[in-house]
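Here's the structure we're looking at; comments come further down.
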Amino acid sequence: MTARMSGRAAAGLMLVLVVAVSACTAVPPPPTPPSGGLAPVPPPGHPARPLLPVSYWKAAFDADESAFDAESRPLSLSPDSADHYTLAYSIDAFTSMFEATGEARYADVALDYADNVMATARPSVSFARGYDDAYLGWTTQEPDLRGQEVPLFESYCWRYITRLLRVLRTSPLYAVAGYRDRSDRLTAFAEQNVFDKWFSRGADDFIYRSRTHMAAHWAYIALDLSVVTTDPARRARYDEVVADISDGLPNYPSSLRGQLRPSRADPVAYWWSDVWGQDSGPGQDVSHGNGVIAFVVEARDLDAGWTAEDTARFSRTLTSFVLGRDDRYPEYVDGSGQGNGWIADGFVKLGRYDPAVQELLQGYGVQNTQYYAAMAVNAKILGANGTH
């Protein structure tokens with residue numbers, strides 16, 4: 001059975017680490033991934049069954065689109081940054097559908113969400129628990145954080161708004177004045193009231209975060225802003241942040257690359273801890289590990305320091321450990337613990353690099369609209385370019 005999660009349920013998973021399964025439909029049972037069954041890096045790229053086309057994933061997405069939008073649009077109109085955290089999945093999903101199909105209607109929805117979020121921002125000085133500066137932002141009503149500006153919630157959402165801006169900037173749609181104007185306004189806002197704001201308030205505290213996945217969100221934002229900015233000085237700063245988080249943090253004795261180790265159970269696969277400098281324990285949890293993988297995929301696709309070998313090794317982690325067996329999904333990237341199987345925000349995107357990985361993901365047991373959209377992008381890349 002394939003568990004199909006709503007966007008709201010997926011967001012709840014990341015906030016409270018609980019998944020609600022909204023419905024089930026009969027599909028072939030999840031495949032049992034091989035134990036060491038892939039050849040040395042890179043994987044060979046020979047799927048057992050034909051790959052499903054973009055049209056298949058588009059039909060699956062479109063069947064849920066109205067309900068998905070009905071959940072998502074109110075979140076975009078909320079001034080609560082926790083709602084924007086939840087909205088991130090929707091922005092990513094509609095952006096992916098635009099990327100996979102080229103249909104402007106998907107970009108329209110993602111832009112509507114982003115514009116709505118931007119419109120709810122207020123000056124920090126107007127917040128009772130705000131900062132004494134002129135930047136615009138949001139607070140949350142989450143019980144333990146009520147009235148505060150939360151950099152995690154903002155970065156979680158804005159990494160996918162900046163991805164939307166990057167996809168638009170590199171598409172023919174950007175030549176259309178209306179889209180260009182909206183994109184440019186959002187870019188200016190993101191540069192000043194998201195990146196500059198938190199960088200100026202303290203990069204060590206708010207950009208170079210205490211956990212791998214939290215820092216990866218800011219690397220993602222900086223990477224995409226480096227593509228869309230028109231300011232060389234800003235681009236240099238963005239590039240510096242991406243390099244720092246990828247290869248050498250200024251405030252911790254590690255980096256994303258520095259965390260990576262050969263898995264003890266499969267030395268071709270990557271293992272890593274979410275705690276900087278730590279190399280013991282079960283490692284990164286799968287749910288938050290999605291954030292690391294989402295950044296690595298974006299960086300690989302933009303040729304920003306992450307290689308085909310890196311994505312092949314992460315793919316080995318996915319197929320050897322993360323996919324699980326017998327309807328049991330692990331909690332950690334070493335395959336241990338009991339998780340919920342949610343990989344729609346990151347690990348699923350590895351399918352674009354190898355047909356054999358994509359074929360395994362086609363029968364995976366936990367799918368939702370964001371998953372369908374990512375699979376559509378994977379299918380487009382594989383169909384257009386073979387093994388990417």
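Residues in the structure tokens are named by chain (A, B, ... in the order shown) and by number from 1 within that chain; ligands are numbered from 1 in the order shown.
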Quick one: contact table of region 38-111 of chain A to region 370-385 of chain A, 7 Å max, nearest atom pair and distance in Å to one decimal per residue, counting only C-alpha atoms, chain and number order, as CSV?
```
residue,atom,partner,partner_atom,distance
A:Pro53,CA,A:Ala379,CA,5.9
A:Val54,CA,A:Ala376,CA,4.8
A:Trp57,CA,A:Tyr372,CA,5.3
A:Lys58,CA,A:Ala376,CA,6.7
A:Ala60,CA,A:Tyr372,CA,6.6
A:Phe61,CA,A:Tyr372,CA,5.9
A:Tyr89,CA,A:Gln370,CA,6.3
A:Ser90,CA,A:Gln370,CA,6.9
A:Ala93,CA,A:Gln370,CA,4.6
A:Ser96,CA,A:Ala373,CA,5.4
A:Met97,CA,A:Ala373,CA,5.3
A:Glu99,CA,A:Val377,CA,6.6
A:Ala100,CA,A:Val377,CA,4.7
```
For the residues in the current selection, export C-alpha atoms as a short mmCIF file (atom, residue, chain, number, x, y, z; two decimals), in the first residue's frame.
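Final output, saved to part23.cif:
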```
data_model
loop_
_atom_site.label_atom_id
_atom_site.label_comp_id
_atom_site.auth_asym_id
_atom_site.auth_seq_id
_atom_site.Cartn_x
_atom_site.Cartn_y
_atom_site.Cartn_z
CA PRO A 53 6.72 9.38 -17.65
CA VAL A 54 6.17 12.96 -16.52
CA TRP A 57 3.19 12.08 -12.13
CA LYS A 58 1.37 15.11 -13.51
CA ALA A 60 -1.31 12.11 -9.88
CA PHE A 61 -0.51 15.68 -8.84
CA TYR A 89 6.16 21.98 0.73
CA SER A 90 3.45 23.52 -1.42
CA ALA A 93 5.61 21.18 -5.24
CA SER A 96 8.58 21.41 -9.42
CA MET A 97 5.46 20.94 -11.53
CA GLU A 99 9.91 22.88 -13.89
CA ALA A 100 8.73 19.45 -15.08
#
```
*Can you pull out every residue within 12 Å of Ala236 (chain A), counting only C-alpha atoms, but drop anything in the same chain fewer than 6 positions away, and send it as a count of residues only?*
9
*Hey, what's within 9 Å of region 277-294 of chain A if we count only C-alpha atoms and toss same-chain stuff fewer than 2 positions away? As a PyMOL selection string, please?*
chain A and resi 13-14+17+156+212-217+220+252-256+258-261+271-275+296-299+311+314+322+330-337+339-350
_Need to verify the contact set: Ala128 (chain A), 7 Å, only C-alpha atoms, exclusion of same-chain residues closer than 2 positions in sequence. Can you return it as a list in words?_
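Contacts, with the query itself left out: Ser126, Gly130 and Gly147 of chain A.
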*When DSSP works through the backbone of this structure, what residues of region 6-228 of chain A end up as helix (DSSP H, G or I), shown as a PyMOL selection string?*
chain A and resi 7-16+54-76+81-101+104-119+124-126+143-145+151-169+172-175+177-206+212-228
*strand (DSSP E or B) residues, from DSSP on the backbone, in region 264-369 of chain A, as a list in words*: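 For region 264-369 of chain A, the strand (DSSP E or B) set is Tyr270, Trp271, Val275, Asp285, Arg325, Arg328, Tyr332, Val366, Gln367 and Asn368 of chain A.
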*Could you tell me which of A:Thr162, A:Thr101, A:Ser320, A:Ser55 comes closest to Asp224 (chain A) if we count only C-alpha atoms?*
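Smallest separation from Asp224 (chain A) among the options: A:Thr162.
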_Ala203 (chain A) environment, 10 Å, only C-alpha atoms, sequence neighbours closer than 5 positions dropped, as number ranges by chain_ = A: 195-198, 208-209, 241, 250-251
Dump C-alpha atoms for the selected residues as a PDB file, in the first residue's frame?
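Output file result.pdb is given in full below:
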```pdb
ATOM      1  CA  PHE A 195      19.193  36.939   4.042  1.00  0.00           C
ATOM      2  CA  ASP A 196      20.558  40.380   5.024  1.00  0.00           C
ATOM      3  CA  LYS A 197      18.321  40.482   8.077  1.00  0.00           C
ATOM      4  CA  TRP A 198      19.547  37.290   9.682  1.00  0.00           C
ATOM      5  CA  TYR A 208      25.788  28.936  10.418  1.00  0.00           C
ATOM      6  CA  ARG A 209      23.325  26.969  12.512  1.00  0.00           C
ATOM      7  CA  VAL A 241      28.131  31.255   2.703  1.00  0.00           C
ATOM      8  CA  PRO A 250      33.677  29.547  10.711  1.00  0.00           C
ATOM      9  CA  ASN A 251      32.118  28.690  14.085  1.00  0.00           C
TER      10      ASN A 251
END
```
*Proximity to Ala121 (chain A) - best of A:Gly248, A:Pro79, A:Gly102, A:Gly351, only C-alpha atoms*: A:Pro79
*With only C-alpha atoms as the basis for distance, which of A:Ser155, A:Thr95, A:Thr86, A:Gln141 is at the shortest distance from Phe199 (chain A)?*
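Residue with the minimum atom-to-atom distance to Phe199 (chain A): A:Ser155.
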*Suppose you want the space between CA of Ile221 (chain A) and CA of Pro172 (chain A); what is it in Å?*
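Result for CA of Ile221 (chain A) versus CA of Pro172 (chain A): 22.2 Å, one decimal.
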*With distances taken over only C-alpha atoms, which of A:Ala119, A:Ala219, A:Ser171, A:Ser124 is nearest to Gly305 (chain A)?*
A:Ala219
*Can you tell me how far CA of Val109 (chain A) sits from CA of Arg182 (chain A), in Å to one decimal?*
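CA of Arg182 (chain A) lies at a distance of 12.6 Å from CA of Val109 (chain A).
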